[in-house]
>>> print(open('upload_1.txt').read())   # compact mmCIF, C-alpha atoms
# COMPACT_ATOMS: atom_id res chain seq x y z
CA MET A 1 24.00 162.66 34.08
CA SER A 2 23.82 161.40 37.64
CA ARG A 3 21.48 162.88 40.23
CA GLN A 4 24.47 164.44 41.92
CA GLU A 5 25.57 166.19 38.76
CA GLN A 6 22.06 167.48 38.24
CA ASP A 7 22.06 168.85 41.78
CA GLN A 8 25.34 170.55 41.07
CA ALA A 9 24.19 171.95 37.75
CA SER A 10 21.09 173.53 39.22
CA LEU A 11 23.13 175.81 41.48
CA SER A 12 24.13 179.05 39.86
CA PRO A 13 27.90 179.55 40.09
CA GLY A 14 27.56 183.07 41.49
CA ALA A 15 25.20 182.04 44.26
CA SER A 16 27.40 179.07 45.15
CA ALA A 17 30.46 181.29 45.28
CA HIS A 18 28.65 183.74 47.53
CA LEU A 19 27.66 180.98 49.91
CA GLY A 20 31.19 179.59 49.79
CA VAL A 21 32.65 182.94 50.81
CA GLN A 22 30.22 183.21 53.73
CA LEU A 23 31.00 179.70 54.92
CA ARG A 24 34.72 180.40 54.79
CA ARG A 25 34.15 183.58 56.79
CA LEU A 26 32.31 181.59 59.41
CA PHE A 27 35.21 179.16 59.51
CA ASN A 28 37.87 181.88 59.68
CA ALA A 29 36.11 183.56 62.59
CA THR A 30 37.10 180.54 64.68
CA ALA A 31 40.19 179.34 62.86
CA ASP A 32 41.92 182.73 62.91
CA GLU A 33 41.59 183.06 66.67
CA PRO A 34 44.74 182.33 68.64
CA ILE A 35 44.73 178.81 70.08
CA PRO A 36 43.52 179.08 73.70
CA ALA A 37 46.29 178.68 76.27
CA ARG A 38 44.46 175.83 77.97
CA LEU A 39 44.87 173.72 74.82
CA THR A 40 48.55 174.51 74.24
CA ASP A 41 49.21 174.01 77.98
CA LEU A 42 47.48 170.66 77.80
CA LEU A 43 49.73 169.49 74.96
CA ASP A 44 52.81 170.71 76.89
CA GLN A 45 51.70 168.70 79.91
CA LEU A 46 51.00 165.58 77.87
CA GLU A 47 54.41 165.86 76.26
CA GLN A 48 56.18 166.40 79.58
CA ALA A 49 54.40 163.45 81.15
CA GLU A 50 55.41 161.26 78.24
CA ARG A 51 59.05 162.34 78.47
CA ALA A 52 59.11 161.84 82.22
CA SER A 53 57.96 158.25 81.96
CA ALA A 54 60.92 156.62 80.25
CA SER A 55 59.13 155.56 77.09
CA PRO A 56 60.89 154.21 73.99
CA PRO A 57 63.68 156.58 72.87
CA ALA A 58 62.39 159.64 71.08
CA PRO A 59 63.95 160.45 67.69
CA GLU A 60 65.96 163.36 69.09
CA ARG A 61 67.55 161.10 71.69
CA LEU A 62 68.66 158.75 68.97
CA GLU A 63 69.94 161.76 67.11
CA SER A 64 72.03 163.02 70.03
CA ALA A 65 73.36 159.51 70.60
CA ALA A 66 74.42 159.41 66.96
CA MET A 67 76.07 162.80 67.33
CA ALA A 68 77.98 161.63 70.39
CA GLU A 69 79.10 158.61 68.37
CA ALA A 70 80.29 160.83 65.53
CA GLY A 71 82.12 163.15 67.93
CA ARG A 72 84.32 160.35 69.18
CA MET B 1 68.70 174.81 66.34
CA THR B 2 66.99 175.53 69.66
CA SER B 3 67.85 173.78 72.90
CA ASP B 4 67.03 170.08 72.71
CA ALA B 5 64.64 170.07 75.70
CA ALA B 6 62.35 172.60 74.02
CA ALA B 7 61.97 170.76 70.72
CA PRO B 8 58.33 169.68 70.46
CA SER B 9 57.57 166.16 69.38
CA ASP B 10 56.35 165.61 65.83
CA PHE B 11 53.03 164.34 67.12
CA LYS B 12 52.51 167.43 69.24
CA SER B 13 53.33 169.74 66.32
CA ALA B 14 50.93 167.81 64.10
CA LEU B 15 48.16 168.13 66.70
CA LEU B 16 48.80 171.85 67.11
CA LYS B 17 48.40 172.35 63.38
CA GLU B 18 44.97 170.71 63.42
CA ILE B 19 43.60 172.64 66.41
CA PRO B 20 42.04 175.55 64.44
CA LYS B 21 40.03 173.12 62.29
CA LEU B 22 39.21 170.95 65.29
CA ARG B 23 37.89 173.96 67.20
CA PHE B 24 35.65 174.90 64.31
CA PHE B 25 34.29 171.37 63.98
CA ALA B 26 33.74 171.20 67.74
CA LEU B 27 31.93 174.53 67.67
CA SER B 28 29.68 173.32 64.88
CA LEU B 29 28.73 170.34 67.03
CA ALA B 30 28.59 171.89 70.49
CA GLY B 31 27.28 175.34 69.59
CA GLN B 32 29.22 177.29 72.22
CA GLN B 33 32.91 178.03 72.21
CA ASP B 34 33.67 177.07 75.80
CA ARG B 35 31.86 173.78 75.42
CA ALA B 36 33.58 173.29 72.06
CA ASP B 37 36.99 173.78 73.64
CA ASP B 38 36.09 171.24 76.34
CA LEU B 39 35.40 168.85 73.51
CA VAL B 40 38.72 169.64 71.79
CA GLN B 41 40.52 169.18 75.09
CA GLU B 42 39.02 165.77 75.64
CA ALA B 43 39.69 164.72 72.06
CA LEU B 44 43.36 165.77 72.38
CA ILE B 45 43.78 163.74 75.58
CA LYS B 46 42.26 160.68 73.92
CA ALA B 47 44.31 161.16 70.76
CA TRP B 48 47.51 161.50 72.78
CA ALA B 49 46.78 158.32 74.72
CA ALA B 50 45.97 156.46 71.49
CA GLN B 51 48.77 157.85 69.32
CA ASP B 52 50.31 154.40 68.86
CA ARG B 53 47.09 153.38 67.13
CA PHE B 54 47.32 156.12 64.53
CA THR B 55 48.49 154.69 61.20
CA PRO B 56 51.24 156.89 59.74
CA GLY B 57 50.50 157.94 56.19
CA THR B 58 46.76 158.16 56.81
CA SER B 59 44.94 161.41 57.52
CA LEU B 60 45.63 162.67 61.03
CA ARG B 61 42.87 165.21 60.52
CA ALA B 62 40.25 162.56 59.80
CA TRP B 63 41.48 160.51 62.75
CA LEU B 64 41.26 163.47 65.15
CA PHE B 65 37.87 164.60 63.86
CA THR B 66 36.54 161.07 64.30
CA ILE B 67 37.74 160.98 67.91
CA LEU B 68 36.18 164.36 68.62
CA ARG B 69 32.93 163.38 66.99
CA ASN B 70 32.77 160.18 69.05
CA VAL B 71 33.39 162.14 72.24
CA PHE B 72 30.62 164.53 71.32
CA TYR B 73 28.02 161.94 70.43
CA SER B 74 28.69 159.75 73.45
CA GLU B 75 28.29 162.78 75.75
CA TYR B 76 25.58 164.44 73.76
CA ARG B 77 23.39 161.37 73.87
CA LYS B 78 23.91 161.18 77.62
CA ARG B 79 23.00 164.82 78.08
CA ARG B 80 19.99 164.52 75.83
CA ARG B 81 18.56 161.83 78.03
CA GLU B 82 19.03 164.05 81.05
CA VAL B 83 17.82 167.36 79.63
CA PRO B 84 15.35 167.20 76.77
CA ASP B 85 16.17 169.94 74.29
CA THR B 86 13.91 171.37 71.67
CA ASP B 87 15.07 172.18 68.15
CA GLY B 88 14.54 175.86 68.82
CA GLU B 89 17.02 175.91 71.66
CA GLU B 90 19.51 173.94 69.62
CA ALA B 91 19.22 176.40 66.79
CA ALA B 92 19.71 179.39 69.06
CA ARG B 93 22.91 177.84 70.38
CA LEU B 94 24.57 177.21 67.05
CA PHE B 95 27.77 179.23 66.74
CA SER B 96 26.78 181.36 69.68
CA ASN B 97 30.26 182.50 70.66
CA PRO B 98 30.09 186.21 71.36
CA GLU B 99 33.28 187.18 69.50
CA GLN B 100 31.78 186.04 66.24
CA ASN B 101 28.55 187.93 66.57
CA GLY B 102 30.20 191.29 67.06
CA HIS B 103 32.07 192.10 63.89
CA LEU B 104 30.66 189.66 61.38
CA ASP B 105 27.30 189.79 59.73
CA LEU B 106 26.74 186.08 59.53
CA GLY B 107 23.52 185.96 61.50
CA ASP B 108 21.39 184.91 58.54
CA LEU B 109 23.82 182.17 57.60
CA LYS B 110 23.90 180.83 61.15
CA ALA B 111 20.12 180.85 61.40
CA ALA B 112 19.82 179.05 58.07
CA LEU B 113 22.47 176.50 59.06
CA ALA B 114 20.56 175.78 62.25
CA THR B 115 17.53 174.64 60.24
CA LEU B 116 19.48 172.06 58.23
CA PRO B 117 19.26 168.39 59.13
CA GLU B 118 22.27 167.53 61.29
CA ASP B 119 23.95 165.25 58.74
CA GLN B 120 23.70 167.84 55.97
CA ARG B 121 24.97 170.66 58.17
CA GLU B 122 27.92 168.55 59.29
CA ALA B 123 28.88 167.62 55.73
CA LEU B 124 28.61 171.18 54.46
CA LEU B 125 30.61 172.67 57.34
CA LEU B 126 33.34 170.05 57.05
CA VAL B 127 33.74 170.31 53.29
CA GLY B 128 32.47 173.77 52.40
CA ALA B 129 33.72 175.73 55.40
CA ALA B 130 36.64 173.87 56.99
CA GLY B 131 38.03 172.65 53.66
CA VAL B 132 38.15 169.01 54.71
CA SER B 133 38.30 166.65 51.72
CA TYR B 134 35.25 164.59 50.72
CA GLU B 135 37.24 161.46 51.51
CA GLU B 136 38.16 162.67 54.99
CA ALA B 137 34.60 163.82 55.67
CA ALA B 138 33.33 160.38 54.65
CA GLN B 139 35.78 158.74 57.04
CA VAL B 140 34.76 161.07 59.88
CA CYS B 141 31.04 160.54 59.35
CA GLY B 142 31.40 156.83 58.67
CA CYS B 143 29.68 156.90 55.29
CA ALA B 144 30.45 156.72 51.57
CA VAL B 145 32.07 159.61 49.71
CA GLY B 146 28.99 159.80 47.47
CA THR B 147 26.79 160.23 50.52
CA ILE B 148 28.88 163.19 51.67
CA LYS B 149 28.69 164.74 48.20
CA SER B 150 24.95 164.43 48.07
CA ARG B 151 24.56 165.82 51.62
CA VAL B 152 26.75 168.80 50.73
CA ASN B 153 24.73 169.48 47.58
CA ARG B 154 21.41 169.21 49.34
CA ALA B 155 22.66 171.47 52.13
CA ARG B 156 23.88 174.09 49.65
CA LYS B 157 20.61 174.13 47.76
CA ARG B 158 18.59 174.42 50.93
CA LEU B 159 20.78 177.21 52.30
CA LEU B 160 20.64 179.14 49.05
CA ALA B 161 16.87 178.87 49.05
CA LEU B 162 16.64 179.92 52.70
CA LEU B 163 18.99 182.84 52.23
CA GLY B 164 17.12 183.91 49.12
CA VAL B 165 20.32 184.09 47.17
CA ASP B 166 19.07 182.06 44.22
CA SER B 167 16.96 184.94 43.02
CA ALA B 168 19.24 187.56 41.50
CA SER B 169 16.92 190.44 42.38
CA GLU B 170 17.57 189.93 46.07
CA PHE B 171 21.28 190.30 45.70
CA GLY B 172 23.11 193.38 46.78
CA GLY B 173 26.51 194.58 45.68
CA ASP B 174 28.18 191.78 47.60
CA TYR B 175 26.79 189.23 45.20
CA LEU B 176 27.71 191.27 42.15
CA ALA B 177 31.24 191.66 43.39
CA VAL B 178 31.61 187.95 43.90
CA ASN B 179 29.85 187.08 40.69
CA GLY B 180 31.92 189.55 38.72
CA ALA B 181 35.23 188.18 39.99
CA SER B 182 37.22 186.51 37.23
CA ALA B 183 37.97 183.43 39.31
CA PRO B 184 34.90 182.50 41.37
CA LEU B 185 35.81 180.95 44.69
CA GLU B 186 35.34 177.25 44.66
CA LEU B 187 32.98 175.96 47.29
CA ALA B 188 35.08 172.79 47.39
>>> encode(input="upload_1.txt", output="structure tokens")
Amino acid sequence: MSRQEQDQASLSPGASAHLGVQLRRLFNATADEPIPARLTDLLDQLEQAERASASPPAPERLESAAMAEAGR
Amino acid sequence: MTSDAAAPSDFKSALLKEIPKLRFFALSLAGQQDRADDLVQEALIKAWAAQDRFTPGTSLRAWLFTILRNVFYSEYRKRRREVPDTDGEEAARLFSNPEQNGHLDLGDLKAALATLPEDQREALLLVGAAGVSYEEAAQVCGCAVGTIKSRVNRARKRLLALLGVDSASEFGGDYLAVNGASAPLELA
């Protein structure tokens, strides 16, 4: 038995589960909040800036080109 | 299908999906939600600029967390030189966003977490709270998977001792309910 397994074995399953539930609650308190507008706005801006500077064709542009081809 | 101009890029959608976990990780590092969101904001800008360097098929989560962690430690070290901070102040700041303190009784857990060594707290919060895999956590922290496992185990044991939950007599109904459940929740 490795030291790690011994560490694991010495924790009672009930106590571990209890701690696990509390840690998940702590996580959910943040993770369940709506994403702040400043972060979604930032991503919108980054995306717009990227589209404005004529970078390599995005997949959807290829797609619409292919559709135009097919429509001929 | 929606109008073509409104379709978000794949990269943007992928980033959006990781934001809840990123915010939690940032909060665990920065202590306060507004500072944590500054950190997330900066990490997103860096990630966007470096998106060509992301290797498809690898973990975007681990990549983003690593960027955020680097942002934090480069700034944190700077700030530490400027304003010396005692452990007590650090501890008081951990998870100090007001929304969380109102309706959740997690004060004891937060206080106990604040006493953990930084590396153990980080490993436990990544794996045990945010549900990040051991492999991803190892990548983020720049160490071996075995090191993460041992940090998580040591952190758990220390927390359980601090919270007094390893002695059954100190448990209330909450413990019994959890313990009596047929499928105990895995701590991960």
>>> residues_around(input="upload_1.txt", residues="Ser13 of chain B", least_positions_apart="4", cutoff="12 Å", atoms="only C-alpha atoms", output="VMD selection string")
(chain A and resid 40 43 to 44 47) or (chain B and resid 7 to 9 17 to 19 48 60)
>>> interface_residues(input="upload_1.txt", of="chain A", to="chain B", cutoff="6 Å", atoms="all atoms listed in the file", output="mmCIF file with C-alpha atoms, keeping the file's coordinate frame")
data_model
loop_
_atom_site.group_PDB
_atom_site.id
_atom_site.type_symbol
_atom_site.label_atom_id
_atom_site.label_comp_id
_atom_site.auth_asym_id
_atom_site.auth_seq_id
_atom_site.Cartn_x
_atom_site.Cartn_y
_atom_site.Cartn_z
ATOM 1 C CA GLY A 14 27.560 183.070 41.490
ATOM 2 C CA ALA A 17 30.460 181.290 45.280
ATOM 3 C CA GLY A 20 31.190 179.590 49.790
ATOM 4 C CA LEU A 23 31.000 179.700 54.920
ATOM 5 C CA ARG A 24 34.720 180.400 54.790
ATOM 6 C CA PHE A 27 35.210 179.160 59.510
ATOM 7 C CA THR A 30 37.100 180.540 64.680
ATOM 8 C CA ALA A 31 40.190 179.340 62.860
#
>>> atom_distance(input="upload_1.txt", atom1="atom CA of Arg35 of chain B", atom2="atom CA of Thr58 of chain B")
28.5 Å
>>> axis_aligned_box(input="upload_1.txt", around="segment 23-26 of chain A", padding_each_side="3 Å", output="lines of an AutoDock Vina configuration file")
center_x = 32.9
center_y = 181.6
center_z = 57.1
size_x = 9.7
size_y = 9.9
size_z = 10.6
>>> closest_residue(input="upload_1.txt", among="B:Asp108, B:Ala155, B:Glu135, B:Ala43", to="Glu122 of chain B", atoms="only C-alpha atoms")
B:Ala155
>>> atom_distance(input="upload_1.txt", atom1="atom CA of Glu75 of chain B", atom2="atom CA of Asp32 of chain A")
27.4 Å
>>> atom_distance(input="upload_1.txt", atom1="atom CA of Glu136 of chain B", atom2="atom CA of Arg61 of chain B")
7.7 Å
>>> build_atoms(input="upload_1.txt", residues="segment 9-43 of chain A", atoms="N, CA and C atoms", output="mmCIF file, keeping the file's coordinate frame")
data_model
loop_
_atom_site.group_PDB
_atom_site.id
_atom_site.type_symbol
_atom_site.label_atom_id
_atom_site.label_comp_id
_atom_site.auth_asym_id
_atom_site.auth_seq_id
_atom_site.Cartn_x
_atom_site.Cartn_y
_atom_site.Cartn_z
ATOM 1 N N ALA A 9 24.457 171.085 38.892
ATOM 2 C CA ALA A 9 24.190 171.950 37.750
ATOM 3 C C ALA A 9 23.111 172.981 38.061
ATOM 4 N N SER A 10 22.196 172.628 38.979
ATOM 5 C CA SER A 10 21.090 173.530 39.220
ATOM 6 C C SER A 10 21.478 174.710 40.118
ATOM 7 N N LEU A 11 22.678 174.685 40.675
ATOM 8 C CA LEU A 11 23.130 175.810 41.480
ATOM 9 C C LEU A 11 23.843 176.810 40.593
ATOM 10 N N SER A 12 23.439 178.070 40.687
ATOM 11 C CA SER A 12 24.130 179.050 39.860
ATOM 12 C C SER A 12 25.510 179.295 40.457
ATOM 13 N N PRO A 13 26.521 179.422 39.599
ATOM 14 C CA PRO A 13 27.900 179.550 40.090
ATOM 15 C C PRO A 13 28.076 180.762 41.005
ATOM 16 N N GLY A 14 27.423 181.873 40.670
ATOM 17 C CA GLY A 14 27.560 183.070 41.490
ATOM 18 C C GLY A 14 27.001 182.877 42.885
ATOM 19 N N ALA A 15 25.830 182.260 42.969
ATOM 20 C CA ALA A 15 25.200 182.040 44.260
ATOM 21 C C ALA A 15 26.028 181.071 45.102
ATOM 22 N N SER A 16 26.552 180.031 44.452
ATOM 23 C CA SER A 16 27.400 179.070 45.150
ATOM 24 C C SER A 16 28.649 179.737 45.694
ATOM 25 N N ALA A 17 29.232 180.594 44.864
ATOM 26 C CA ALA A 17 30.460 181.290 45.280
ATOM 27 C C ALA A 17 30.179 182.180 46.477
ATOM 28 N N HIS A 18 29.039 182.860 46.432
ATOM 29 C CA HIS A 18 28.650 183.740 47.530
ATOM 30 C C HIS A 18 28.510 182.959 48.837
ATOM 31 N N LEU A 19 27.839 181.829 48.737
ATOM 32 C CA LEU A 19 27.660 180.980 49.910
ATOM 33 C C LEU A 19 29.014 180.464 50.395
ATOM 34 N N GLY A 20 29.856 180.088 49.444
ATOM 35 C CA GLY A 20 31.190 179.590 49.790
ATOM 36 C C GLY A 20 31.989 180.618 50.577
ATOM 37 N N VAL A 21 31.921 181.864 50.135
ATOM 38 C CA VAL A 21 32.650 182.940 50.810
ATOM 39 C C VAL A 21 32.126 183.105 52.244
ATOM 40 N N GLN A 22 30.809 183.055 52.387
ATOM 41 C CA GLN A 22 30.220 183.210 53.730
ATOM 42 C C GLN A 22 30.610 182.055 54.653
ATOM 43 N N LEU A 23 30.620 180.853 54.104
ATOM 44 C CA LEU A 23 31.000 179.700 54.920
ATOM 45 C C LEU A 23 32.459 179.787 55.359
ATOM 46 N N ARG A 24 33.307 180.261 54.437
ATOM 47 C CA ARG A 24 34.720 180.400 54.790
ATOM 48 C C ARG A 24 34.889 181.487 55.856
ATOM 49 N N ARG A 25 34.081 182.526 55.781
ATOM 50 C CA ARG A 25 34.150 183.580 56.790
ATOM 51 C C ARG A 25 33.773 183.030 58.162
ATOM 52 N N LEU A 26 32.744 182.215 58.162
ATOM 53 C CA LEU A 26 32.310 181.590 59.410
ATOM 54 C C LEU A 26 33.445 180.736 59.978
ATOM 55 N N PHE A 27 34.082 179.997 59.102
ATOM 56 C CA PHE A 27 35.210 179.160 59.510
ATOM 57 C C PHE A 27 36.361 180.011 60.043
ATOM 58 N N ASN A 28 36.715 181.047 59.304
ATOM 59 C CA ASN A 28 37.870 181.880 59.680
ATOM 60 C C ASN A 28 37.654 182.580 61.020
ATOM 61 N N ALA A 29 36.386 182.892 61.322
ATOM 62 C CA ALA A 29 36.110 183.560 62.590
ATOM 63 C C ALA A 29 36.615 182.731 63.766
ATOM 64 N N THR A 30 36.561 181.413 63.636
ATOM 65 C CA THR A 30 37.100 180.540 64.680
ATOM 66 C C THR A 30 38.568 180.201 64.415
ATOM 67 N N ALA A 31 38.855 179.860 63.184
ATOM 68 C CA ALA A 31 40.190 179.340 62.860
ATOM 69 C C ALA A 31 41.278 180.395 62.980
ATOM 70 N N ASP A 32 40.914 181.666 62.819
ATOM 71 C CA ASP A 32 41.920 182.730 62.910
ATOM 72 C C ASP A 32 42.192 183.163 64.344
ATOM 73 N N GLU A 33 41.350 182.699 65.266
ATOM 74 C CA GLU A 33 41.590 183.060 66.670
ATOM 75 C C GLU A 33 42.863 182.378 67.151
ATOM 76 N N PRO A 34 43.589 183.032 68.078
ATOM 77 C CA PRO A 34 44.740 182.330 68.640
ATOM 78 C C PRO A 34 44.278 181.074 69.385
ATOM 79 N N ILE A 35 45.095 180.039 69.373
ATOM 80 C CA ILE A 35 44.730 178.810 70.080
ATOM 81 C C ILE A 35 44.706 179.113 71.579
ATOM 82 N N PRO A 36 43.609 178.775 72.264
ATOM 83 C CA PRO A 36 43.520 179.080 73.700
ATOM 84 C C PRO A 36 44.669 178.430 74.480
ATOM 85 N N ALA A 37 45.154 179.157 75.482
ATOM 86 C CA ALA A 37 46.290 178.680 76.270
ATOM 87 C C ALA A 37 46.002 177.330 76.918
ATOM 88 N N ARG A 38 44.738 177.099 77.280
ATOM 89 C CA ARG A 38 44.460 175.830 77.970
ATOM 90 C C ARG A 38 44.724 174.624 77.058
ATOM 91 N N LEU A 39 44.607 174.833 75.745
ATOM 92 C CA LEU A 39 44.870 173.720 74.820
ATOM 93 C C LEU A 39 46.370 173.533 74.578
ATOM 94 N N THR A 40 47.091 174.640 74.427
ATOM 95 C CA THR A 40 48.550 174.510 74.240
ATOM 96 C C THR A 40 49.190 174.007 75.546
ATOM 97 N N ASP A 41 48.695 174.492 76.685
ATOM 98 C CA ASP A 41 49.210 174.010 77.980
ATOM 99 C C ASP A 41 48.984 172.513 78.131
ATOM 100 N N LEU A 42 47.813 172.092 77.695
ATOM 101 C CA LEU A 42 47.480 170.660 77.800
ATOM 102 C C LEU A 42 48.490 169.820 77.011
ATOM 103 N N LEU A 43 48.782 170.239 75.786
ATOM 104 C CA LEU A 43 49.730 169.490 74.960
ATOM 105 C C LEU A 43 51.125 169.490 75.597
#
